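Data block for coords_12.txt (compact mmCIF, C-alpha atoms):
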```
# COMPACT_ATOMS: atom_id res chain seq x y z
CA MET E 1 -43.64 -99.64 -4.88
CA ALA E 2 -46.53 -98.47 -2.73
CA SER E 3 -45.01 -100.06 0.40
CA SER E 4 -42.04 -97.67 0.15
CA MET E 5 -44.40 -94.72 0.46
CA ILE E 6 -45.62 -93.07 3.65
CA LEU E 7 -48.31 -90.45 3.91
CA TYR E 8 -49.01 -88.40 7.05
CA TRP E 9 -52.47 -86.91 6.72
CA GLY E 10 -55.35 -85.23 8.51
CA SER E 11 -59.02 -86.12 8.04
CA GLY E 12 -61.00 -83.67 5.92
CA SER E 13 -58.02 -81.62 4.74
CA PRO E 14 -58.46 -81.05 0.98
CA PRO E 15 -54.67 -81.04 0.32
CA CYS E 16 -54.31 -84.43 2.08
CA TRP E 17 -57.33 -85.80 0.30
CA ARG E 18 -55.87 -84.88 -3.10
CA VAL E 19 -52.81 -87.03 -2.51
CA MET E 20 -54.97 -89.93 -1.31
CA ILE E 21 -57.19 -89.74 -4.40
CA ALA E 22 -54.11 -89.64 -6.67
CA LEU E 23 -52.64 -92.68 -4.88
CA GLU E 24 -55.90 -94.58 -5.39
CA GLU E 25 -56.21 -93.54 -9.04
CA LYS E 26 -52.63 -94.68 -9.72
CA ASN E 27 -53.38 -98.09 -8.12
CA LEU E 28 -50.94 -97.45 -5.29
CA GLN E 29 -53.09 -98.93 -2.55
CA GLY E 30 -51.00 -100.43 0.24
CA TYR E 31 -48.93 -97.33 0.95
CA GLN E 32 -48.05 -96.73 4.59
CA GLN E 33 -50.13 -94.02 6.17
CA LYS E 34 -50.66 -92.34 9.47
CA LEU E 35 -53.78 -90.34 10.32
CA LEU E 36 -52.83 -87.43 12.57
CA SER E 37 -54.95 -84.99 14.56
CA PHE E 38 -54.72 -81.27 13.86
CA GLU E 39 -56.52 -80.66 17.19
CA LYS E 40 -53.79 -82.49 19.08
CA ASN E 41 -51.14 -80.58 17.09
CA GLU E 42 -49.77 -83.84 15.72
CA HIS E 43 -48.87 -82.11 12.45
CA LYS E 44 -46.03 -80.54 14.46
CA SER E 45 -44.87 -83.92 15.82
CA GLU E 46 -41.37 -85.27 15.30
CA PRO E 47 -41.98 -87.69 12.40
CA VAL E 48 -43.66 -84.93 10.41
CA MET E 49 -41.09 -82.23 11.24
CA ALA E 50 -38.33 -84.66 10.22
CA ILE E 51 -39.50 -84.56 6.61
CA ASN E 52 -41.42 -81.30 6.57
CA PRO E 53 -39.95 -78.21 8.25
CA ARG E 54 -43.29 -76.44 7.70
CA GLY E 55 -45.04 -78.91 10.00
CA GLN E 56 -47.97 -79.32 7.65
CA LEU E 57 -50.09 -82.13 6.31
CA PRO E 58 -49.89 -83.83 3.91
CA SER E 59 -46.29 -84.91 4.41
CA PHE E 60 -45.29 -87.56 1.92
CA LYS E 61 -42.24 -89.66 1.30
CA HIS E 62 -41.51 -92.20 -1.43
CA GLY E 63 -38.26 -94.02 -0.72
CA ASP E 64 -35.89 -91.12 -0.03
CA ASN E 65 -37.93 -88.64 -2.05
CA ILE E 66 -39.95 -86.10 -0.09
CA ILE E 67 -42.81 -84.15 -1.67
CA ASN E 68 -45.05 -82.50 0.89
CA GLU E 69 -46.82 -80.01 -1.35
CA SER E 70 -50.08 -81.64 -2.47
CA PHE E 71 -49.87 -80.42 -6.07
CA GLY E 72 -46.25 -81.53 -6.25
CA ALA E 73 -46.95 -84.98 -4.80
CA CYS E 74 -49.85 -85.60 -7.21
CA LEU E 75 -47.85 -84.51 -10.26
CA TYR E 76 -44.92 -86.64 -9.08
CA LEU E 77 -47.17 -89.71 -8.77
CA GLU E 78 -48.63 -89.16 -12.23
CA ASN E 79 -45.18 -88.72 -13.73
CA GLN E 80 -43.56 -91.68 -11.94
CA PHE E 81 -46.46 -94.06 -12.60
CA LYS E 82 -47.58 -92.73 -15.94
CA SER E 83 -48.83 -95.98 -17.45
CA GLN E 84 -50.36 -97.28 -14.21
CA GLY E 85 -53.99 -96.69 -13.24
CA THR E 86 -55.84 -93.60 -14.46
CA GLN E 87 -54.03 -91.21 -16.80
CA LEU E 88 -54.51 -87.93 -14.95
CA ILE E 89 -52.83 -85.55 -17.43
CA PRO E 90 -54.27 -86.13 -20.93
CA ASP E 91 -52.05 -86.17 -24.02
CA SER E 92 -54.11 -83.97 -26.33
CA SER E 93 -53.03 -80.36 -26.10
CA ALA E 94 -56.59 -78.98 -25.82
CA GLU E 95 -57.57 -81.31 -22.98
CA GLN E 96 -54.23 -80.80 -21.26
CA ALA E 97 -54.57 -77.01 -21.38
CA LEU E 98 -57.95 -77.11 -19.64
CA VAL E 99 -56.71 -79.58 -17.03
CA TYR E 100 -53.77 -77.32 -16.15
CA GLN E 101 -55.99 -74.23 -16.13
CA ARG E 102 -58.61 -75.69 -13.76
CA MET E 103 -56.01 -77.39 -11.54
CA PHE E 104 -54.39 -74.12 -10.64
CA GLU E 105 -57.60 -72.12 -10.43
CA THR E 106 -58.38 -74.45 -7.53
CA LEU E 107 -55.79 -72.56 -5.48
CA THR E 108 -57.86 -69.39 -5.73
CA LEU E 109 -61.01 -71.23 -4.68
CA GLN E 110 -59.08 -72.75 -1.77
CA GLN E 111 -57.77 -69.34 -0.69
CA LYS E 112 -61.18 -67.67 -0.85
CA MET E 113 -62.82 -70.52 1.07
CA ALA E 114 -60.13 -70.31 3.74
CA ASP E 115 -60.63 -66.54 4.05
CA VAL E 116 -64.26 -67.18 4.99
CA ILE E 117 -64.20 -70.50 6.86
CA TYR E 118 -61.07 -69.82 8.95
CA TYR E 119 -61.60 -66.10 9.53
CA THR E 120 -62.12 -66.24 13.28
CA TRP E 121 -59.44 -68.88 13.65
CA ARG E 122 -56.82 -66.89 11.73
CA VAL E 123 -57.63 -63.31 12.65
CA PRO E 124 -57.17 -62.29 16.31
CA GLU E 125 -60.36 -60.93 17.88
CA ASP E 126 -59.29 -57.29 18.06
CA GLU E 127 -58.34 -57.28 14.38
CA ARG E 128 -61.69 -58.53 13.10
CA HIS E 129 -63.95 -56.28 11.02
CA ASN E 130 -67.44 -56.86 9.69
CA SER E 131 -66.36 -55.07 6.51
CA ALA E 132 -63.62 -57.66 5.95
CA VAL E 133 -66.02 -60.54 6.62
CA LYS E 134 -68.45 -59.05 4.11
CA ARG E 135 -65.73 -58.56 1.48
CA ASN E 136 -64.42 -62.11 1.94
CA LYS E 137 -67.93 -63.53 1.57
CA GLU E 138 -68.55 -61.52 -1.60
CA ALA E 139 -65.25 -62.69 -3.07
CA LEU E 140 -66.06 -66.33 -2.29
CA SER E 141 -69.57 -65.98 -3.64
CA ALA E 142 -68.20 -64.64 -6.96
CA GLU E 143 -65.64 -67.44 -7.06
CA LEU E 144 -68.27 -70.14 -6.48
CA GLN E 145 -70.46 -68.59 -9.20
CA LEU E 146 -67.51 -68.71 -11.58
CA TRP E 147 -67.09 -72.45 -10.99
CA GLU E 148 -70.85 -73.03 -11.25
CA GLY E 149 -70.63 -71.26 -14.62
CA TYR E 150 -67.77 -73.47 -15.78
CA PHE E 151 -69.90 -76.56 -15.17
CA GLN E 152 -72.97 -74.94 -16.78
CA LYS E 153 -71.02 -74.57 -20.03
CA MET E 154 -70.05 -78.24 -20.11
CA ASP E 155 -72.03 -81.32 -21.11
CA ALA E 156 -74.12 -82.95 -18.40
CA GLY E 157 -72.12 -85.51 -16.47
CA SER E 158 -68.79 -83.83 -17.20
CA TYR E 159 -65.83 -83.83 -14.89
CA ALA E 160 -63.98 -80.58 -14.12
CA ALA E 161 -62.09 -80.54 -17.42
CA GLY E 162 -64.26 -82.64 -19.71
CA LYS E 163 -65.54 -86.14 -20.19
CA ASN E 164 -62.71 -87.84 -18.29
CA PHE E 165 -61.64 -87.75 -14.65
CA THR E 166 -58.28 -85.93 -14.57
CA MET E 167 -55.84 -84.13 -12.31
CA ALA E 168 -58.24 -81.18 -12.37
CA ASP E 169 -60.70 -83.33 -10.39
CA VAL E 170 -58.00 -84.59 -8.03
CA MET E 171 -57.38 -80.94 -7.13
CA VAL E 172 -60.82 -79.35 -7.16
CA PHE E 173 -63.13 -82.13 -6.00
CA PRO E 174 -61.95 -82.13 -2.35
CA GLN E 175 -62.48 -78.37 -2.31
CA ILE E 176 -66.01 -78.67 -3.70
CA ALA E 177 -66.83 -81.47 -1.25
CA TYR E 178 -65.49 -79.25 1.54
CA ALA E 179 -67.82 -76.45 0.44
CA PHE E 180 -70.84 -78.77 0.68
CA ARG E 181 -69.59 -80.10 4.04
CA PHE E 182 -69.61 -76.48 5.20
CA GLY E 183 -73.19 -75.96 4.13
CA LEU E 184 -73.16 -74.90 0.47
CA SER E 185 -76.62 -75.38 -0.99
CA PRO E 186 -76.95 -77.87 -3.87
CA GLU E 187 -80.26 -76.16 -4.69
CA LYS E 188 -78.45 -72.86 -5.38
CA PHE E 189 -75.30 -74.35 -6.87
CA ILE E 190 -77.01 -76.95 -9.01
CA LYS E 191 -74.13 -77.86 -11.30
CA LEU E 192 -71.62 -78.03 -8.46
CA GLY E 193 -74.10 -80.26 -6.63
CA GLU E 194 -74.38 -82.58 -9.64
CA TYR E 195 -70.61 -82.72 -9.93
CA HIS E 196 -70.34 -83.51 -6.21
CA ASN E 197 -72.84 -86.36 -6.59
CA LEU E 198 -71.04 -87.73 -9.63
CA VAL E 199 -67.55 -87.79 -8.14
CA LYS E 200 -68.37 -88.82 -4.60
CA LYS E 201 -69.32 -92.29 -5.88
CA ARG E 202 -65.98 -92.79 -7.64
CA PRO E 203 -64.07 -95.67 -6.00
CA SER E 204 -60.91 -93.57 -5.37
CA VAL E 205 -63.02 -90.94 -3.65
CA GLU E 206 -65.15 -93.38 -1.64
CA ALA E 207 -62.00 -95.17 -0.48
CA SER E 208 -60.46 -91.92 0.76
CA TRP E 209 -63.61 -90.19 2.11
CA PRO E 210 -62.67 -88.34 5.34
CA PRO E 211 -63.31 -90.79 8.18
CA HIS E 212 -64.69 -88.16 10.56
CA TRP E 213 -67.20 -87.11 7.90
CA LYS E 214 -68.39 -90.72 7.77
CA GLU E 215 -68.65 -90.91 11.54
CA ASN E 216 -70.51 -87.63 11.69
CA PRO E 217 -72.35 -86.91 8.43
CA GLN E 218 -73.66 -83.62 9.82
CA GLY E 219 -71.51 -80.75 8.55
CA MET E 220 -71.38 -77.05 9.41
CA ASP E 221 -73.52 -74.26 8.02
CA ILE E 222 -70.98 -71.49 7.45
CA LEU E 223 -71.70 -71.45 3.69
CA LYS E 224 -75.44 -72.12 3.84
CA ASP E 225 -76.47 -68.58 2.86
CA PHE E 226 -74.26 -68.41 -0.21
CA MET C 1 -45.49 -72.79 -33.24
CA ALA C 2 -44.53 -69.71 -31.25
CA SER C 3 -46.37 -67.40 -33.66
CA SER C 4 -49.69 -69.03 -32.69
CA MET C 5 -49.13 -67.98 -29.07
CA ILE C 6 -50.11 -64.71 -27.44
CA LEU C 7 -49.12 -63.53 -24.00
CA TYR C 8 -50.68 -60.56 -22.23
CA TRP C 9 -48.36 -59.51 -19.43
CA GLY C 10 -47.42 -56.81 -16.95
CA SER C 11 -43.88 -55.65 -16.22
CA GLY C 12 -42.42 -56.93 -12.94
CA SER C 13 -45.23 -59.39 -12.16
CA PRO C 14 -43.58 -62.65 -11.03
CA PRO C 15 -46.39 -64.82 -12.49
CA CYS C 16 -46.00 -63.14 -15.91
CA TRP C 17 -42.23 -63.38 -15.72
CA ARG C 18 -42.43 -67.15 -15.09
CA VAL C 19 -44.28 -67.74 -18.35
CA MET C 20 -41.78 -65.54 -20.24
CA ILE C 21 -38.80 -67.45 -18.82
CA ALA C 22 -40.44 -70.77 -19.71
CA LEU C 23 -41.10 -69.54 -23.28
CA GLU C 24 -37.44 -68.52 -23.61
CA GLU C 25 -36.14 -71.78 -22.14
CA LYS C 26 -38.30 -73.80 -24.54
CA ASN C 27 -36.93 -71.79 -27.51
CA LEU C 28 -40.34 -70.29 -28.23
CA GLN C 29 -39.10 -66.80 -29.02
CA GLY C 30 -41.29 -65.03 -31.53
CA TYR C 31 -44.55 -65.48 -29.66
CA GLN C 32 -46.99 -62.59 -29.88
CA GLN C 33 -47.08 -60.48 -26.75
CA LYS C 34 -48.69 -57.39 -25.39
CA LEU C 35 -47.33 -55.47 -22.43
CA LEU C 36 -50.22 -54.04 -20.42
CA SER C 37 -50.32 -51.52 -17.60
CA PHE C 38 -51.78 -52.52 -14.21
CA GLU C 39 -51.92 -48.80 -13.31
CA LYS C 40 -54.14 -48.10 -16.31
CA ASN C 41 -56.28 -51.14 -15.42
CA GLU C 42 -55.47 -52.71 -18.78
CA HIS C 43 -55.61 -56.19 -17.20
CA LYS C 44 -59.39 -55.64 -17.15
CA SER C 45 -59.49 -54.66 -20.84
CA GLU C 46 -61.56 -56.48 -23.44
CA PRO C 47 -58.86 -58.68 -25.06
CA VAL C 48 -57.84 -59.99 -21.63
CA MET C 49 -61.39 -60.49 -20.33
CA ALA C 50 -62.22 -62.38 -23.55
CA ILE C 51 -59.82 -65.18 -22.57
CA ASN C 52 -59.61 -64.65 -18.81
CA PRO C 53 -62.78 -63.95 -16.82
CA ARG C 54 -60.58 -63.21 -13.79
CA GLY C 55 -59.05 -60.20 -15.57
CA GLN C 56 -55.54 -61.10 -14.48
CA LEU C 57 -52.11 -61.23 -16.01
CA PRO C 58 -50.59 -63.35 -17.37
CA SER C 59 -53.25 -64.32 -19.87
CA PHE C 60 -51.96 -66.81 -22.39
CA LYS C 61 -53.32 -68.49 -25.46
CA HIS C 62 -51.75 -71.09 -27.75
CA GLY C 63 -53.93 -71.65 -30.81
CA ASP C 64 -57.35 -72.22 -29.22
CA ASN C 65 -55.89 -73.39 -25.89
CA ILE C 66 -56.11 -70.95 -23.00
CA ILE C 67 -53.94 -71.34 -19.90
CA ASN C 68 -53.85 -68.21 -17.78
CA GLU C 69 -52.53 -69.67 -14.56
CA SER C 70 -48.74 -69.21 -14.58
CA PHE C 71 -47.97 -72.65 -13.14
CA GLY C 72 -50.36 -74.25 -15.60
CA ALA C 73 -48.95 -72.39 -18.61
CA CYS C 74 -45.36 -73.32 -17.73
CA LEU C 75 -46.20 -77.01 -17.20
CA TYR C 76 -48.17 -77.00 -20.45
CA LEU C 77 -45.20 -75.55 -22.36
CA GLU C 78 -42.83 -78.12 -20.87
CA ASN C 79 -45.22 -80.95 -21.70
CA GLN C 80 -46.03 -79.79 -25.25
CA PHE C 81 -42.41 -79.01 -26.15
CA LYS C 82 -40.70 -81.67 -24.10
CA SER C 83 -37.73 -82.28 -26.36
CA GLN C 84 -37.25 -78.62 -27.30
CA GLY C 85 -34.91 -76.29 -25.40
CA THR C 86 -34.21 -76.85 -21.71
CA GLN C 87 -35.73 -79.90 -20.01
CA LEU C 88 -37.45 -78.25 -17.05
CA ILE C 89 -38.81 -81.37 -15.31
CA PRO C 90 -35.98 -83.89 -14.83
CA ASP C 91 -36.49 -87.61 -15.42
CA SER C 92 -34.81 -89.01 -12.31
CA SER C 93 -37.28 -89.49 -9.50
CA ALA C 94 -35.06 -87.87 -6.85
CA GLU C 95 -34.47 -84.72 -8.90
CA GLN C 96 -38.08 -84.60 -9.98
CA ALA C 97 -39.34 -84.83 -6.38
CA LEU C 98 -37.25 -81.85 -5.31
CA VAL C 99 -38.29 -79.81 -8.35
CA TYR C 100 -41.98 -80.40 -7.60
CA GLN C 101 -41.47 -79.67 -3.90
CA ARG C 102 -39.69 -76.34 -4.43
CA MET C 103 -42.00 -75.28 -7.29
CA PHE C 104 -45.04 -75.38 -5.07
CA GLU C 105 -43.36 -73.99 -1.98
CA THR C 106 -42.93 -70.88 -4.11
CA LEU C 107 -46.65 -70.23 -3.68
CA THR C 108 -46.18 -69.83 0.06
CA LEU C 109 -43.26 -67.43 -0.45
CA GLN C 110 -45.40 -65.49 -2.93
CA GLN C 111 -48.32 -65.30 -0.50
CA LYS C 112 -46.18 -64.13 2.41
CA MET C 113 -44.43 -61.50 0.27
CA ALA C 114 -47.80 -60.22 -0.94
CA ASP C 115 -49.09 -60.01 2.66
CA VAL C 116 -46.25 -57.59 3.45
CA ILE C 117 -45.67 -55.69 0.20
CA TYR C 118 -49.34 -55.13 -0.70
CA TYR C 119 -50.69 -54.66 2.82
CA THR C 120 -51.73 -51.03 2.47
CA TRP C 121 -52.97 -51.63 -1.05
CA ARG C 122 -55.13 -54.60 -0.08
CA VAL C 123 -56.35 -53.69 3.39
CA PRO C 124 -58.64 -50.65 3.73
CA GLU C 125 -57.24 -48.00 6.06
CA ASP C 126 -59.69 -48.54 8.91
CA GLU C 127 -58.98 -52.27 8.94
CA ARG C 128 -55.22 -51.96 9.34
CA HIS C 129 -53.48 -53.06 12.52
CA ASN C 130 -49.86 -52.77 13.58
CA SER C 131 -50.18 -56.22 15.12
CA ALA C 132 -51.12 -57.67 11.71
CA VAL C 133 -48.23 -55.87 10.00
CA LYS C 134 -45.84 -57.25 12.63
CA ARG C 135 -47.20 -60.78 12.27
CA ASN C 136 -46.99 -60.66 8.47
CA LYS C 137 -43.39 -59.44 8.66
CA GLU C 138 -42.43 -62.19 11.07
CA ALA C 139 -44.02 -64.81 8.84
CA LEU C 140 -42.18 -63.51 5.78
CA SER C 141 -38.91 -63.31 7.68
CA ALA C 142 -39.23 -66.97 8.72
CA GLU C 143 -40.12 -67.93 5.13
CA LEU C 144 -37.10 -66.12 3.69
CA GLN C 145 -34.85 -67.78 6.30
CA LEU C 146 -36.24 -71.16 5.27
CA TRP C 147 -35.26 -70.53 1.64
CA GLU C 148 -31.85 -69.16 2.66
CA GLY C 149 -31.41 -72.43 4.57
CA TYR C 150 -32.35 -74.52 1.54
CA PHE C 151 -29.58 -72.86 -0.47
CA GLN C 152 -27.10 -73.17 2.43
CA LYS C 153 -27.53 -76.94 2.36
CA MET C 154 -26.78 -77.15 -1.37
CA ASP C 155 -23.46 -77.02 -3.23
CA ALA C 156 -22.17 -73.58 -4.18
CA GLY C 157 -23.52 -72.48 -7.53
CA SER C 158 -26.63 -74.65 -7.28
CA TYR C 159 -29.97 -73.78 -8.74
CA ALA C 160 -33.14 -74.07 -6.64
CA ALA C 161 -33.37 -77.86 -6.98
CA GLY C 162 -29.79 -78.88 -7.75
CA LYS C 163 -27.11 -78.53 -10.35
CA ASN C 164 -29.47 -77.86 -13.26
CA PHE C 165 -31.84 -75.03 -14.04
CA THR C 166 -35.37 -76.48 -13.75
CA MET C 167 -39.03 -75.57 -13.37
CA ALA C 168 -38.27 -74.83 -9.71
CA ASP C 169 -36.18 -71.86 -10.89
CA VAL C 170 -38.81 -70.76 -13.39
CA MET C 171 -41.20 -70.46 -10.44
CA VAL C 172 -39.05 -69.16 -7.61
CA PHE C 173 -36.49 -66.95 -9.33
CA PRO C 174 -38.93 -64.14 -10.23
CA GLN C 175 -40.07 -64.16 -6.61
CA ILE C 176 -36.50 -63.91 -5.28
CA ALA C 177 -35.67 -61.15 -7.77
CA TYR C 178 -38.81 -59.34 -6.62
CA ALA C 179 -37.64 -59.57 -3.00
CA PHE C 180 -34.32 -57.93 -3.91
CA ARG C 181 -36.14 -55.34 -6.00
CA PHE C 182 -38.11 -54.51 -2.86
CA GLY C 183 -34.97 -54.03 -0.80
CA LEU C 184 -33.97 -57.45 0.57
CA SER C 185 -30.35 -57.30 1.71
CA PRO C 186 -27.88 -59.60 -0.09
CA GLU C 187 -25.56 -59.10 2.90
CA LYS C 188 -28.11 -60.69 5.23
CA PHE C 189 -29.47 -63.24 2.76
CA ILE C 190 -26.13 -64.29 1.37
CA LYS C 191 -27.16 -67.49 -0.38
CA LEU C 192 -30.29 -65.96 -1.88
CA GLY C 193 -28.07 -63.10 -3.10
CA GLU C 194 -25.65 -65.54 -4.75
CA TYR C 195 -28.56 -67.37 -6.37
CA HIS C 196 -29.96 -64.05 -7.62
CA ASN C 197 -26.59 -63.15 -9.14
CA LEU C 198 -26.26 -66.57 -10.77
CA VAL C 199 -29.67 -66.66 -12.41
CA LYS C 200 -30.01 -63.03 -13.42
CA LYS C 201 -27.27 -63.55 -16.04
CA ARG C 202 -29.07 -66.49 -17.63
CA PRO C 203 -30.11 -65.60 -21.22
CA SER C 204 -33.79 -66.48 -20.67
CA VAL C 205 -33.87 -64.23 -17.62
CA GLU C 206 -31.94 -61.37 -19.20
CA ALA C 207 -34.23 -61.49 -22.24
CA SER C 208 -37.33 -61.23 -20.06
CA TRP C 209 -36.06 -58.83 -17.36
CA PRO C 210 -38.89 -56.43 -16.43
CA PRO C 211 -38.51 -53.40 -18.71
CA HIS C 212 -39.45 -50.86 -16.05
CA TRP C 213 -36.76 -52.30 -13.77
CA LYS C 214 -34.21 -51.67 -16.54
CA GLU C 215 -35.46 -48.12 -17.04
CA ASN C 216 -35.37 -47.45 -13.32
CA PRO C 217 -32.86 -49.71 -11.54
CA GLN C 218 -33.73 -48.12 -8.19
CA GLY C 219 -36.15 -50.37 -6.33
CA MET C 220 -38.13 -49.92 -3.12
CA ASP C 221 -36.98 -50.49 0.43
CA ILE C 222 -39.98 -52.27 1.98
CA LEU C 223 -37.89 -55.37 2.73
CA LYS C 224 -34.61 -53.65 3.63
CA ASP C 225 -34.84 -54.34 7.38
CA PHE C 226 -35.50 -58.05 6.97
```
Go through the file and emit its structure as structure tokens.
Amino acid sequence: MASSMILYWGSGSPPCWRVMIALEEKNLQGYQQKLLSFEKNEHKSEPVMAINPRGQLPSFKHGDNIINESFGACLYLENQFKSQGTQLIPDSSAEQALVYQRMFETLTLQQKMADVIYYTWRVPEDERHNSAVKRNKEALSAELQLWEGYFQKMDAGSYAAGKNFTMADVMVFPQIAYAFRFGLSPEKFIKLGEYHNLVKKRPSVEASWPPHWKENPQGMDILKDF
Amino acid sequence: MASSMILYWGSGSPPCWRVMIALEEKNLQGYQQKLLSFEKNEHKSEPVMAINPRGQLPSFKHGDNIINESFGACLYLENQFKSQGTQLIPDSSAEQALVYQRMFETLTLQQKMADVIYYTWRVPEDERHNSAVKRNKEALSAELQLWEGYFQKMDAGSYAAGKNFTMADVMVFPQIAYAFRFGLSPEKFIKLGEYHNLVKKRPSVEASWPPHWKENPQGMDILKDF
């Protein structure tokens, strides 16, 4: 089954990483994959555009089925390979509710991180304002505190939605790892730091760790003062 | 079952509307609900904040399970009441792939509509730029054309992901209806207009149509030149 899958991905992109973790967790090693360079604009290259008019990564195909949206691809893999590998959506209604809640809250964390990290890349120079930078940082700081609080309320050693690794982790872990890569302090965000340390040793996560982070373990410091 | 559910919602909010359509489609009429006013800041009121620290609508509770994220709540309802009412996630892998793809593309449409419609509400006066307004409009125009193209490639009378009403429609229809409410031209977006006309007569959609749109059928014209 895995050999009829192809994933186009970029190193370090949380949405790409999600799909790779889901593939590992569902024991779908052996899928075809092509690492592309955002810098070289390869996400706009012909093989990607052929299956993804948005020209974005991840782009993912399974047989004739195309699911480029990272949340969609991960849910599709869980649904199609339900009894294979890790069960990512639990059966019990209480556990399931929390998994779905945290999964989709990840999108807000992602948005607020992007507003800070990509500000100068997204906003043309003559449209930039210190007041906007300040507001974006405050919003991200509040968001990170909210997530730190979620982990504070859970038992030590918990995953994002409880004692088991679930789809909530597939979604949020790459975002948390990205925050630490960009300088977030594990001394200030203690619970997020513990979570990061717990999950980064998971085989699915180790196997899919961004190659350019391995090559160059030194990250950036954009979030170091948070 | 439905009586152990409570939904806090705001009229006309696409995320709230999604959850209401899903509840109708799953035959969960009879749930408790409370219509709140964004203008009166009731989404920050105590009963909402008690289950949703973000102070946003929808806020949704089923027994002790809290799922406030609209995508999460809808997937939860489908999963918990799989054999009841409309099957919103199809079994066949090809249909399922397209449903998941279109569901999550809705988030991009939502974001680009918000960037245009809420610009003056979100961006303080001294941070506004005509160049940003122009760029946001161009991005939304391209996004709407993409969706128009999706419907052009499908058979007449199709729903968002094929011949059946699915979770893709639960997600995207409220967004499309919102675009027409804000002045989108059904003469220019012919296929989106046909889709709007098809789905607005569906019982689940009629039953959950935003009450203030019924009271005042006259919308706004922000999108009329698109």
Exercise. Please, what distance in Å, to one decimal, runs between atom CA of Ala94 of chain E and atom CA of Asn65 of chain C?
Worked result: 5.6 Å
Exercise. With all atoms listed in the file as the basis for distance, which of C:Gly193, C:Pro14, C:Pro124, C:Gly85 is at the shortest distance from Trp147 of chain C?
Worked result: C:Gly193
For this session: Would you kindly return, as a ChimeraX atom specification, each protein, DNA or RNA residue with an atom no farther than 12 Å from any atom of Lys26 of chain C, considering only C-alpha atoms and excluding same-chain residues fewer than 5 positions away?
Result: /C:1-2,19-21,31,74-89,166-167,170,204
Seminar exercise, completed: Nearest to chain E, restricted to all atoms listed in the file and choosing among C:Leu57, C:Ile176, C:Leu146, C:Leu28, comes out as C:Leu146
Exercise. Using all atoms listed in the file, which residues sit within 12 Å of Glu215 of chain E once same-chain residues fewer than 6 positions away are excluded, as an MDAnalysis selection string?
Worked result: chainID E and resid 11:12 209
For this session: Could you please tell me, as a PyMOL selection string, which residues of chain C have an atom within 10 Å of chain E when using only C-alpha atoms?
Result: chain C and resi 53-54+61-77+79-80+89+91-105+107+123-124+126-132+143+146
For this session: Would you mind telling me which residue in C:Arg202, C:Ser185, C:Phe226, C:Ser208 lies nearest to Ala142 of chain C when using all atoms listed in the file?
Result: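 With all atoms listed in the file as the atom set, the closest residue is C:Phe226.
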